[in-house]
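Worksheet for the structure shown next.
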Amino acid sequence: MSSKPTALRFKPLTFFVLQALACSAYAVDTAPAEVPDAPVETVFVQGQGRQVQNITRKDLAEATPGTSPLKTLEKLPGVSFQSADPFGAYEWSAHISIRGFSQNQLGFTLDGIPLGDMSYRNHNGLHVSRAISSENIGNVSVSQGTGALGTASTSNLGGTVSFSTRGPADTAGAALAQTLGSDNTSRTYLRYDTGLLSTDTKAYVSLTRQRADKWKGDGGQDQDLFNSKVVQKLGNSQLSTFFNYSTRDETDYQDLSFDSVKRLGYKWDNYAPDWQRAVNAAKGVYTGGVNNLDDAYYLGRGLRNDWLGGVAFDWQASDTVRLKTTAYDHRNHGESHWYTPYTPSSASVPISVRAQEYKIDRHGVVSDLNWEIGNHTVTAGVWAERSVHSWTRSFYAVNGPESTDHFLSDPFSTVIAQRFVSKTTQFYLQDNFAALNDRLNLSYGFKSTKARIKGDNQAGGRAGGTLEASKKFLPQAGLTFALSGQDELFSSWAKNMNAYQAGADGPFSQTQEAFDLSKGKVKPQTSTTIDLGLRSRRGPVQASIALYAADFKNRQLNVATCTGIVGCPTTLTNVGKVETKGVEAALDWKISSQWAWFNSFTYNDSSYKSAPLYYEGATAINVNGKRVVDAPKVLFNTELSYERAGWFAKADAKYTGQRYYTYLNDSPVPSFWLANLSGGYKLGNIGPFKSATVQLNVTNLLDKRYYATIGTNGFASSDPAGSFATMLVGAPRAAFLTISGKL
């Protein structure tokens, strides 16, 4: 086993950064509109014919630095987020669902650029935690249910999440933040803004370095990020460019089952650094309560390098016409390592490293036209992308506990190799019409989507072939009606489609025989969603309540047929349809100038309907009437915040109801409460620093033990014995202290 030269850490960045900044006299704000540096306080978005809510810059700033922006969304109605680490950034475990729709059924964008479904084995994007430092995000907008029509996504069945970055500031200066805390955590963030120059140019660059140990077991979870943007104003228009780079090195936690936690304890993890115990276990000699090969492995690791850049032109053609076009390019190189006892390195070493290597090379363009005509606002847009994705599974020989914190080369065996070329085109057209002195606002439109994947199986027993998902007319409509100056009704209806998935998951993860049999039968997943709700403002109180229903047809599920480390071909199953109905409510009360209280509640009932029988061996599986996996029925969040004379504090608690990881619902995952606390003081000007702040964050305040992420190794049809290792437990109480300021 040897290593390839890799672009880890910041050493290779200098050339690319200087080239990007020097060659781009101009830069883009690729967001729909540039997010100001000042915090935006609005949580509820008025005037939308669908459920839309914001996470503000203030929410992001008060979270633990390094916290995934996805984690900050869990306060909103309908949103369930789980992770095994305090930051919500460990990608193997980070998982979000909205109204029972899982992460790969949602759409995600960063300043309008598609991020794909942000899954761990992503074939068409990258996770937002690698795309941008959380400190550089201005706000996050969530559209539950119908989603935004113009979102550049082919996976948004159940909603969209839009991340908007903080553009370069008009005032020159530097910002510095240092975080220290539990598990030897150290995070350093540095940003420099040029301010608005005499050439009407402004730019920023930022560096982020984070190092942290796992909270249990051996190994660290490290990341470096570089972000940059240059903006050139051209009258009322602007041209811009950006370049982001990220390296991530994460040591994995061991997946657990109910049975393994009972036998081995809540803090059970992989064997490292005990190499001999891993060797003994690979030979069938178990100690300390271990009774099978999959209770633990020596070590697991994930490596990801990403380059994301682009250019955009925001052209204000007139007072009523605006055209914004963004061209982007994304490159990814990643590997996932597991020390496997199933494939020996030699007669004397019963362990090898199983590595899955991922590469993405995608580029595309997103263009949106906005035209105001009297009482009408017409928007139209197009998105086109070509993505080349490849992945392999290989085995590397080891002589002992060698370091695998680098990309590997010279495998002794490659058992799977696939390459996919995906071409996506999407067009949308929408009209927004205001009437009755702007009391009635009606929007209606459609999108047309075509996504074609050509898969080539180069080694191993996986599938190759061509699949195309196409819908020429996916309509969407919404309306709002102002009952008064304080209250408005809203309603929306939409049809959406989820394209087929390339890569290690999805239809191409089957055998060729199974793929050929399913090709003419399995159709793209579609959903029809309807919302009806009320928003209200009464002085210091904002509130919303919404009823919703979704008819989810042709739902596809991959059924795991062996443990994750073995990686057998999956069985792609069409489970007919899913019926979802529910209610969600939110209340934001500014009790006084110092106190605020936010609450959200969700009741979601998602169950399988009209599902045909499928077989595992000779056993017939009938999931009709069963609840959808990893879809809690009840969610509740409460958050109390205080701010006065420079002091600020926030306490929150989240309840997550019972979930299932089996389609027959025979292994319920217990419900739990989780509480967090944060607070600090704005010191003001101290020495060379301006706006200095000290902040303390405590996660899992009550040190609760609970099962966080489920389905890490997929979902099983049945597991009454609780032996399927597909869960991760939550991190214990952790504390982090941050000192920040501006120069």
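In the structure tokens, chains take letters A, B, ... by order of appearance, with residues numbered from 1 within each chain and ligands from 1 in the order shown.
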
Contacts of Thr712 (chain A) at 8 Å (only C-alpha atoms; same-chain gap of 3+ positions) as a ChimeraX atom specification: /A:92-93,255,709,726-728

Could you pull the residues within 10 Å of region 327-330 of chain A, counting only C-alpha atoms, minus those fewer than 3 positions along the same chain, as JSON, numbers by chain? {"A": [30, 113, 114, 115, 124, 125, 126, 131, 241, 242, 243, 244, 245, 306, 307, 308, 309, 310, 311, 312, 313, 360, 361, 362, 363, 364, 365, 366, 367, 383, 384, 385, 386, 387]}

Name all residues at most 12 Å from Gly112 (chain A) (count only C-alpha atoms; drop same-chain ones fewer than 2 positions away) and give them as a PyMOL selection string. chain A and resi 28-34+107-110+114-116+140-141+148+150-153+160-165+310+312+324-328+364-368+381-383

Keeping only C-alpha atoms, take the residues you just selected and write them out as a tab-separated table (two decimals), in the first residue's frame.
chain	number	residue	atom	x	y	z
A	28	VAL	CA	-20.07	37.16	-8.58
A	29	ASP	CA	-22.54	37.19	-5.91
A	30	THR	CA	-24.04	33.91	-6.93
A	31	ALA	CA	-26.88	34.30	-4.47
A	32	PRO	CA	-30.28	35.39	-5.75
A	33	ALA	CA	-29.47	38.69	-4.03
A	34	GLU	CA	-26.36	39.53	-2.06
A	107	GLY	CA	-33.07	19.87	-3.21
A	108	PHE	CA	-30.06	21.93	-2.03
A	109	THR	CA	-28.37	24.98	-3.56
A	110	LEU	CA	-25.62	27.40	-2.57
A	114	PRO	CA	-26.80	22.89	-7.22
A	115	LEU	CA	-25.28	20.84	-4.41
A	116	GLY	CA	-27.01	17.61	-5.43
A	140	VAL	CA	-30.66	29.69	4.97
A	141	SER	CA	-34.13	29.50	3.45
A	148	ALA	CA	-39.12	26.58	-5.01
A	150	GLY	CA	-36.64	27.43	-10.01
A	151	THR	CA	-34.38	25.34	-7.76
A	152	ALA	CA	-31.60	23.65	-9.74
A	153	SER	CA	-32.27	20.14	-8.49
A	160	THR	CA	-35.75	22.76	-0.93
A	161	VAL	CA	-32.97	24.29	1.17
A	162	SER	CA	-31.19	27.37	-0.18
A	163	PHE	CA	-27.93	28.59	1.36
A	164	SER	CA	-26.90	32.19	0.68
A	165	THR	CA	-23.37	33.39	1.34
A	310	GLY	CA	-17.51	29.89	-11.07
A	312	ALA	CA	-21.69	34.98	-12.82
A	324	LYS	CA	-28.63	36.50	-13.85
A	325	THR	CA	-26.41	33.77	-15.27
A	326	THR	CA	-23.95	31.64	-13.32
A	327	ALA	CA	-21.43	29.19	-14.78
A	328	TYR	CA	-19.84	26.81	-12.29
A	364	GLY	CA	-23.02	23.66	-15.62
A	365	VAL	CA	-24.89	26.90	-16.04
A	366	VAL	CA	-27.90	28.37	-14.23
A	367	SER	CA	-29.72	31.33	-15.77
A	368	ASP	CA	-32.77	33.19	-14.44
A	381	GLY	CA	-34.91	30.00	-16.19
A	382	VAL	CA	-32.78	27.18	-17.46
A	383	TRP	CA	-30.29	24.86	-15.81

What does the distance from CA of Pro612 (chain A) to CA of Leu547 (chain A) come to in Å, to one decimal?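 So the answer is 29.1 Å.
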
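Computed from the coordinates, the CA of Asp193 (chain A) to CA of Ser237 (chain A) distance equals 20.7 Å.
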
From the set A:Trp371, A:Tyr548, A:Tyr614, A:Tyr189, which residue has the shortest atom-to-atom contact distance to Arg99 (chain A), counting only C-alpha atoms? A:Tyr548

Near-Phe226 (chain A) list (8 Å; only C-alpha atoms; drop same-chain fewer than 3 positions) as a list of chain:residue names: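 Residues meeting the cut-off are A:Val205, A:Ser206, A:Leu207, A:Thr208, A:Asn244, A:Tyr245, A:Ser246.
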
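Each of A:Asn305, A:Thr377, A:Thr201, A:Gln512 was checked against Asn332 (chain A) using only C-alpha atoms; the smallest atom-to-atom distance is that of A:Asn305.
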
All strand (DSSP E or B) residues (DSSP, backbone) inside region 424-615 of chain A, as a compact mmCIF listing (two decimals) with N, CA and C atoms, in the first residue's frame:
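What landed in states01.txt:
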# COMPACT_ATOMS: atom_id res chain seq x y z
N THR A 424 -28.13 16.75 -17.52
CA THR A 424 -29.39 17.25 -16.97
C THR A 424 -29.74 18.58 -17.61
N THR A 425 -30.98 18.72 -18.02
CA THR A 425 -31.50 20.01 -18.48
C THR A 425 -32.84 20.26 -17.80
N GLN A 426 -33.04 21.49 -17.40
CA GLN A 426 -34.29 21.86 -16.73
C GLN A 426 -34.68 23.28 -17.13
N PHE A 427 -35.95 23.45 -17.43
CA PHE A 427 -36.49 24.76 -17.79
C PHE A 427 -37.71 25.02 -16.92
N TYR A 428 -37.88 26.29 -16.51
CA TYR A 428 -39.08 26.62 -15.77
C TYR A 428 -39.61 27.98 -16.22
N LEU A 429 -40.90 28.16 -16.04
CA LEU A 429 -41.59 29.41 -16.38
C LEU A 429 -42.65 29.65 -15.33
N GLN A 430 -42.70 30.87 -14.79
CA GLN A 430 -43.63 31.17 -13.71
C GLN A 430 -44.11 32.61 -13.82
N ASP A 431 -45.37 32.80 -13.48
CA ASP A 431 -45.95 34.14 -13.43
C ASP A 431 -46.48 34.39 -12.03
N ASN A 432 -46.18 35.57 -11.51
CA ASN A 432 -46.70 35.97 -10.21
C ASN A 432 -47.59 37.18 -10.44
N PHE A 433 -48.86 37.06 -10.05
CA PHE A 433 -49.86 38.08 -10.36
C PHE A 433 -50.43 38.65 -9.08
N ALA A 434 -50.42 39.96 -8.96
CA ALA A 434 -50.97 40.64 -7.80
C ALA A 434 -52.27 41.34 -8.18
N ALA A 435 -53.28 41.21 -7.33
CA ALA A 435 -54.59 41.81 -7.60
C ALA A 435 -55.22 42.27 -6.29
N LEU A 440 -54.33 39.93 -2.98
CA LEU A 440 -54.27 38.59 -3.56
C LEU A 440 -53.00 38.47 -4.40
N ASN A 441 -52.25 37.44 -4.14
CA ASN A 441 -51.03 37.17 -4.90
C ASN A 441 -51.10 35.73 -5.39
N LEU A 442 -51.08 35.57 -6.70
CA LEU A 442 -51.22 34.24 -7.31
C LEU A 442 -49.98 33.95 -8.14
N SER A 443 -49.38 32.80 -7.91
CA SER A 443 -48.25 32.36 -8.72
C SER A 443 -48.59 31.02 -9.35
N TYR A 444 -48.18 30.84 -10.59
CA TYR A 444 -48.44 29.59 -11.29
C TYR A 444 -47.37 29.41 -12.35
N GLY A 445 -47.00 28.17 -12.58
CA GLY A 445 -45.96 27.90 -13.56
C GLY A 445 -45.69 26.41 -13.66
N PHE A 446 -44.62 26.08 -14.35
CA PHE A 446 -44.25 24.68 -14.52
C PHE A 446 -42.75 24.59 -14.77
N LYS A 447 -42.24 23.41 -14.61
CA LYS A 447 -40.87 23.13 -15.01
C LYS A 447 -40.84 21.85 -15.84
N SER A 448 -39.84 21.76 -16.68
CA SER A 448 -39.63 20.60 -17.53
C SER A 448 -38.23 20.07 -17.26
N THR A 449 -38.14 18.79 -16.90
CA THR A 449 -36.87 18.22 -16.46
C THR A 449 -36.53 16.97 -17.27
N LYS A 450 -35.28 16.88 -17.66
CA LYS A 450 -34.78 15.68 -18.34
C LYS A 450 -33.41 15.36 -17.77
N ALA A 451 -33.25 14.15 -17.24
CA ALA A 451 -31.99 13.72 -16.65
C ALA A 451 -31.65 12.34 -17.21
N ARG A 452 -30.51 12.26 -17.89
CA ARG A 452 -30.10 11.02 -18.55
C ARG A 452 -28.77 10.56 -17.98
N ILE A 453 -28.69 9.29 -17.61
CA ILE A 453 -27.47 8.71 -17.05
C ILE A 453 -27.03 7.54 -17.93
N LYS A 454 -25.78 7.57 -18.33
CA LYS A 454 -25.18 6.44 -19.03
C LYS A 454 -24.14 5.84 -18.11
N GLY A 455 -24.39 4.62 -17.65
CA GLY A 455 -23.49 3.95 -16.74
C GLY A 455 -22.67 2.88 -17.43
N ASP A 456 -21.40 2.83 -17.08
CA ASP A 456 -20.48 1.86 -17.66
C ASP A 456 -19.87 1.05 -16.53
N ASN A 457 -20.15 -0.24 -16.51
CA ASN A 457 -19.58 -1.12 -15.50
C ASN A 457 -18.23 -1.64 -16.01
N GLN A 458 -17.14 -1.22 -15.37
CA GLN A 458 -15.81 -1.54 -15.85
C GLN A 458 -15.18 -2.72 -15.13
N ALA A 459 -15.69 -3.06 -13.96
CA ALA A 459 -15.19 -4.22 -13.21
C ALA A 459 -16.21 -4.59 -12.16
N GLY A 465 -25.61 0.54 -18.18
CA GLY A 465 -26.74 0.79 -19.06
C GLY A 465 -27.12 2.25 -19.05
N THR A 466 -28.28 2.54 -19.61
CA THR A 466 -28.75 3.92 -19.72
C THR A 466 -30.14 4.04 -19.10
N LEU A 467 -30.31 5.08 -18.31
CA LEU A 467 -31.61 5.40 -17.73
C LEU A 467 -31.92 6.87 -17.98
N GLU A 468 -33.17 7.16 -18.24
CA GLU A 468 -33.58 8.54 -18.44
C GLU A 468 -34.86 8.81 -17.67
N ALA A 469 -34.85 9.89 -16.91
CA ALA A 469 -36.04 10.37 -16.21
C ALA A 469 -36.44 11.70 -16.85
N SER A 470 -37.67 11.76 -17.33
CA SER A 470 -38.08 12.96 -18.06
C SER A 470 -39.55 13.27 -17.78
N LYS A 471 -39.81 14.51 -17.46
CA LYS A 471 -41.17 15.02 -17.32
C LYS A 471 -41.22 16.40 -17.97
N LYS A 472 -42.04 16.53 -19.01
CA LYS A 472 -42.11 17.79 -19.73
C LYS A 472 -42.96 18.84 -19.02
N PHE A 473 -43.85 18.39 -18.13
CA PHE A 473 -44.76 19.35 -17.49
C PHE A 473 -44.95 18.97 -16.03
N LEU A 474 -44.27 19.70 -15.16
CA LEU A 474 -44.42 19.54 -13.72
C LEU A 474 -44.95 20.86 -13.18
N PRO A 475 -46.27 20.96 -13.00
CA PRO A 475 -46.87 22.25 -12.64
C PRO A 475 -46.74 22.56 -11.15
N GLN A 476 -46.85 23.85 -10.85
CA GLN A 476 -46.84 24.32 -9.47
C GLN A 476 -47.67 25.60 -9.40
N ALA A 477 -48.44 25.74 -8.35
CA ALA A 477 -49.26 26.94 -8.15
C ALA A 477 -49.31 27.28 -6.67
N GLY A 478 -49.44 28.56 -6.40
CA GLY A 478 -49.55 29.00 -5.02
C GLY A 478 -50.27 30.32 -4.94
N LEU A 479 -50.88 30.58 -3.80
CA LEU A 479 -51.55 31.86 -3.62
C LEU A 479 -51.46 32.30 -2.17
N THR A 480 -51.51 33.61 -2.01
CA THR A 480 -51.67 34.20 -0.69
C THR A 480 -52.81 35.22 -0.77
N PHE A 481 -53.54 35.30 0.33
CA PHE A 481 -54.63 36.27 0.40
C PHE A 481 -54.56 36.96 1.75
N ALA A 482 -54.40 38.28 1.72
CA ALA A 482 -54.29 39.06 2.94
C ALA A 482 -55.68 39.28 3.54
N ASP A 487 -52.77 39.35 8.87
CA ASP A 487 -53.01 37.93 8.63
C ASP A 487 -53.08 37.63 7.14
N GLU A 488 -52.54 36.49 6.75
CA GLU A 488 -52.65 36.06 5.36
C GLU A 488 -52.81 34.55 5.29
N LEU A 489 -53.68 34.13 4.39
CA LEU A 489 -53.83 32.73 4.05
C LEU A 489 -52.84 32.39 2.94
N PHE A 490 -52.34 31.17 2.95
CA PHE A 490 -51.49 30.74 1.84
C PHE A 490 -51.81 29.29 1.50
N SER A 491 -51.61 28.97 0.25
CA SER A 491 -51.83 27.61 -0.21
C SER A 491 -50.93 27.34 -1.41
N SER A 492 -50.52 26.11 -1.57
CA SER A 492 -49.68 25.75 -2.70
C SER A 492 -49.96 24.31 -3.12
N TRP A 493 -49.64 24.05 -4.37
CA TRP A 493 -49.81 22.70 -4.94
C TRP A 493 -48.70 22.50 -5.96
N ALA A 494 -48.09 21.33 -5.96
CA ALA A 494 -46.98 21.10 -6.88
C ALA A 494 -46.81 19.63 -7.17
N LYS A 495 -46.29 19.37 -8.37
CA LYS A 495 -45.85 18.03 -8.75
C LYS A 495 -44.34 18.09 -8.97
N ASN A 496 -43.63 17.08 -8.45
CA ASN A 496 -42.18 17.03 -8.60
C ASN A 496 -41.74 15.62 -8.95
N MET A 497 -40.53 15.53 -9.48
CA MET A 497 -39.95 14.25 -9.88
C MET A 497 -38.55 14.13 -9.32
N ASN A 498 -38.18 12.92 -8.92
CA ASN A 498 -36.83 12.60 -8.48
C ASN A 498 -36.17 11.74 -9.55
N GLN A 525 -39.44 8.40 -9.27
CA GLN A 525 -40.29 8.76 -8.15
C GLN A 525 -40.94 10.12 -8.40
N THR A 526 -42.20 10.25 -8.06
CA THR A 526 -42.91 11.52 -8.22
C THR A 526 -43.69 11.82 -6.95
N SER A 527 -43.97 13.09 -6.75
CA SER A 527 -44.78 13.48 -5.60
C SER A 527 -45.74 14.59 -5.99
N THR A 528 -46.89 14.58 -5.37
CA THR A 528 -47.85 15.67 -5.48
C THR A 528 -48.11 16.18 -4.07
N THR A 529 -47.87 17.47 -3.87
CA THR A 529 -47.93 18.04 -2.52
C THR A 529 -48.90 19.22 -2.51
N ILE A 530 -49.65 19.33 -1.42
CA ILE A 530 -50.55 20.46 -1.24
C ILE A 530 -50.41 20.98 0.18
N ASP A 531 -50.40 22.30 0.31
CA ASP A 531 -50.31 22.99 1.60
C ASP A 531 -51.48 23.95 1.74
N LEU A 532 -51.92 24.15 2.97
CA LEU A 532 -52.91 25.18 3.28
C LEU A 532 -52.58 25.73 4.65
N GLY A 533 -52.38 27.05 4.75
CA GLY A 533 -51.95 27.57 6.03
C GLY A 533 -52.32 29.01 6.26
N LEU A 534 -51.95 29.48 7.45
CA LEU A 534 -52.23 30.84 7.89
C LEU A 534 -50.99 31.41 8.56
N ARG A 535 -50.61 32.64 8.16
CA ARG A 535 -49.56 33.37 8.84
C ARG A 535 -50.17 34.59 9.50
N SER A 536 -49.64 34.93 10.67
CA SER A 536 -50.22 36.04 11.42
C SER A 536 -49.14 36.81 12.14
N ARG A 537 -49.34 38.13 12.19
CA ARG A 537 -48.48 39.02 12.98
C ARG A 537 -49.37 39.83 13.92
N ARG A 538 -49.06 39.82 15.19
CA ARG A 538 -49.78 40.60 16.18
C ARG A 538 -48.75 41.26 17.08
N VAL A 541 -45.71 39.23 18.18
CA VAL A 541 -45.93 37.80 17.95
C VAL A 541 -46.07 37.52 16.45
N GLN A 542 -45.29 36.56 15.96
CA GLN A 542 -45.46 36.00 14.63
C GLN A 542 -45.82 34.53 14.78
N ALA A 543 -46.73 34.05 13.96
CA ALA A 543 -47.13 32.66 14.06
C ALA A 543 -47.53 32.14 12.69
N SER A 544 -47.43 30.86 12.53
CA SER A 544 -47.91 30.21 11.31
C SER A 544 -48.39 28.82 11.66
N ILE A 545 -49.37 28.36 10.90
CA ILE A 545 -49.84 26.98 11.01
C ILE A 545 -50.16 26.50 9.60
N ALA A 546 -49.82 25.26 9.32
CA ALA A 546 -50.03 24.72 7.98
C ALA A 546 -50.48 23.28 8.05
N LEU A 547 -51.45 22.96 7.23
CA LEU A 547 -51.85 21.58 6.99
C LEU A 547 -51.24 21.16 5.65
N TYR A 548 -50.78 19.94 5.57
CA TYR A 548 -50.17 19.50 4.32
C TYR A 548 -50.48 18.03 4.06
N ALA A 549 -50.40 17.68 2.80
CA ALA A 549 -50.57 16.29 2.37
C ALA A 549 -49.69 16.06 1.15
N ALA A 550 -49.16 14.86 1.03
CA ALA A 550 -48.32 14.51 -0.10
C ALA A 550 -48.65 13.10 -0.55
N ASP A 551 -48.73 12.93 -1.85
CA ASP A 551 -48.94 11.63 -2.47
C ASP A 551 -47.66 11.28 -3.22
N PHE A 552 -46.91 10.35 -2.69
CA PHE A 552 -45.59 10.02 -3.18
C PHE A 552 -45.68 8.69 -3.91
N LYS A 553 -45.51 8.71 -5.23
CA LYS A 553 -45.71 7.51 -6.05
C LYS A 553 -44.38 6.96 -6.55
N GLN A 556 -38.89 4.32 -4.51
CA GLN A 556 -37.85 3.31 -4.67
C GLN A 556 -37.04 3.22 -3.39
N LEU A 557 -36.72 1.99 -3.01
CA LEU A 557 -35.90 1.79 -1.83
C LEU A 557 -34.87 0.71 -2.11
N ASN A 558 -33.64 0.96 -1.68
CA ASN A 558 -32.59 -0.04 -1.75
C ASN A 558 -32.59 -0.84 -0.46
N VAL A 559 -32.79 -2.15 -0.57
CA VAL A 559 -32.80 -3.01 0.60
C VAL A 559 -31.42 -3.62 0.76
N THR A 571 -30.88 -4.62 -3.42
CA THR A 571 -32.11 -4.96 -4.12
C THR A 571 -32.96 -3.70 -4.21
N LEU A 572 -33.20 -3.22 -5.42
CA LEU A 572 -34.02 -2.03 -5.62
C LEU A 572 -35.48 -2.44 -5.63
N THR A 573 -36.22 -1.88 -4.71
CA THR A 573 -37.61 -2.29 -4.53
C THR A 573 -38.53 -1.10 -4.74
N ASN A 574 -39.58 -1.32 -5.51
CA ASN A 574 -40.62 -0.31 -5.64
C ASN A 574 -41.67 -0.61 -4.59
N LYS A 577 -46.51 3.44 -3.15
CA LYS A 577 -46.66 4.86 -2.85
C LYS A 577 -46.57 5.10 -1.35
N VAL A 578 -46.40 6.34 -1.02
CA VAL A 578 -46.41 6.77 0.38
C VAL A 578 -47.43 7.89 0.50
N GLU A 579 -48.27 7.78 1.49
CA GLU A 579 -49.22 8.85 1.78
C GLU A 579 -48.75 9.59 3.02
N THR A 580 -48.64 10.90 2.89
CA THR A 580 -48.19 11.74 3.99
C THR A 580 -49.23 12.81 4.27
N LYS A 581 -49.51 12.98 5.52
CA LYS A 581 -50.38 14.09 5.94
C LYS A 581 -49.88 14.58 7.29
N GLY A 582 -50.08 15.86 7.52
CA GLY A 582 -49.57 16.38 8.78
C GLY A 582 -49.95 17.82 9.02
N VAL A 583 -49.50 18.31 10.16
CA VAL A 583 -49.72 19.69 10.54
C VAL A 583 -48.44 20.20 11.19
N GLU A 584 -48.08 21.44 10.89
CA GLU A 584 -46.92 22.04 11.52
C GLU A 584 -47.24 23.48 11.90
N ALA A 585 -46.67 23.89 13.01
CA ALA A 585 -46.96 25.22 13.54
C ALA A 585 -45.69 25.82 14.12
N ALA A 586 -45.64 27.14 14.10
CA ALA A 586 -44.49 27.85 14.67
C ALA A 586 -44.97 29.14 15.30
N LEU A 587 -44.31 29.53 16.39
CA LEU A 587 -44.64 30.75 17.13
C LEU A 587 -43.36 31.45 17.53
N ASP A 588 -43.23 32.72 17.17
CA ASP A 588 -42.07 33.53 17.53
C ASP A 588 -42.58 34.76 18.29
N TRP A 589 -42.26 34.82 19.58
CA TRP A 589 -42.81 35.87 20.45
C TRP A 589 -41.66 36.71 21.00
N TRP A 595 -36.12 39.65 25.77
CA TRP A 595 -36.48 38.24 25.75
C TRP A 595 -37.25 37.88 24.48
N ALA A 596 -36.98 36.68 23.97
CA ALA A 596 -37.72 36.15 22.82
C ALA A 596 -37.91 34.65 23.02
N TRP A 597 -39.03 34.15 22.52
CA TRP A 597 -39.38 32.74 22.71
C TRP A 597 -39.87 32.19 21.38
N PHE A 598 -39.21 31.16 20.88
CA PHE A 598 -39.58 30.53 19.61
C PHE A 598 -39.98 29.08 19.87
N ASN A 599 -41.07 28.65 19.23
CA ASN A 599 -41.54 27.27 19.36
C ASN A 599 -41.97 26.76 17.99
N SER A 600 -41.77 25.47 17.77
CA SER A 600 -42.29 24.83 16.56
C SER A 600 -42.77 23.43 16.90
N PHE A 601 -43.80 22.99 16.19
CA PHE A 601 -44.40 21.67 16.43
C PHE A 601 -44.75 21.05 15.10
N THR A 602 -44.52 19.75 14.99
CA THR A 602 -44.86 19.01 13.78
C THR A 602 -45.50 17.67 14.14
N TYR A 603 -46.61 17.38 13.48
CA TYR A 603 -47.18 16.03 13.52
C TYR A 603 -47.19 15.53 12.08
N ASN A 604 -46.47 14.45 11.84
CA ASN A 604 -46.32 13.93 10.48
C ASN A 604 -46.66 12.45 10.46
N ASP A 605 -47.58 12.08 9.57
CA ASP A 605 -47.98 10.68 9.43
C ASP A 605 -47.66 10.24 8.00
N SER A 606 -46.57 9.50 7.85
CA SER A 606 -46.16 8.99 6.55
C SER A 606 -46.16 7.47 6.59
N SER A 607 -46.89 6.85 5.68
CA SER A 607 -46.99 5.39 5.68
C SER A 607 -47.02 4.86 4.26
N TYR A 608 -46.59 3.60 4.12
CA TYR A 608 -46.55 2.94 2.83
C TYR A 608 -47.95 2.47 2.44
N LYS A 609 -48.32 2.70 1.18
CA LYS A 609 -49.62 2.28 0.66
C LYS A 609 -49.42 1.64 -0.72
N TYR A 614 -42.72 -8.00 -1.90
CA TYR A 614 -41.41 -8.35 -2.42
C TYR A 614 -40.83 -9.43 -1.52
N TYR A 615 -39.82 -10.12 -2.04
CA TYR A 615 -39.34 -11.31 -1.37
C TYR A 615 -37.88 -11.18 -0.98

Could you list, as a ChimeraX atom specification, every residue within 12 Å of Thr287 (chain A), counting only C-alpha atoms and ignoring same-chain residues fewer than 2 positions away? /A:263-264,271,276-285,289-293,295-296

Taking 3 positions as the minimum chain separation for residues in the same chain, which residues sit within 8 Å of Glu135 (chain A) when counting only C-alpha atoms? Answer as a PyMOL selection string. chain A and resi 60-61+65-66

Spatial neighbours of Gly217 (chain A), 8 Å, only C-alpha atoms, chain gap at least 2 places, as a ChimeraX atom specification: /A:214-215,219,253,267-272
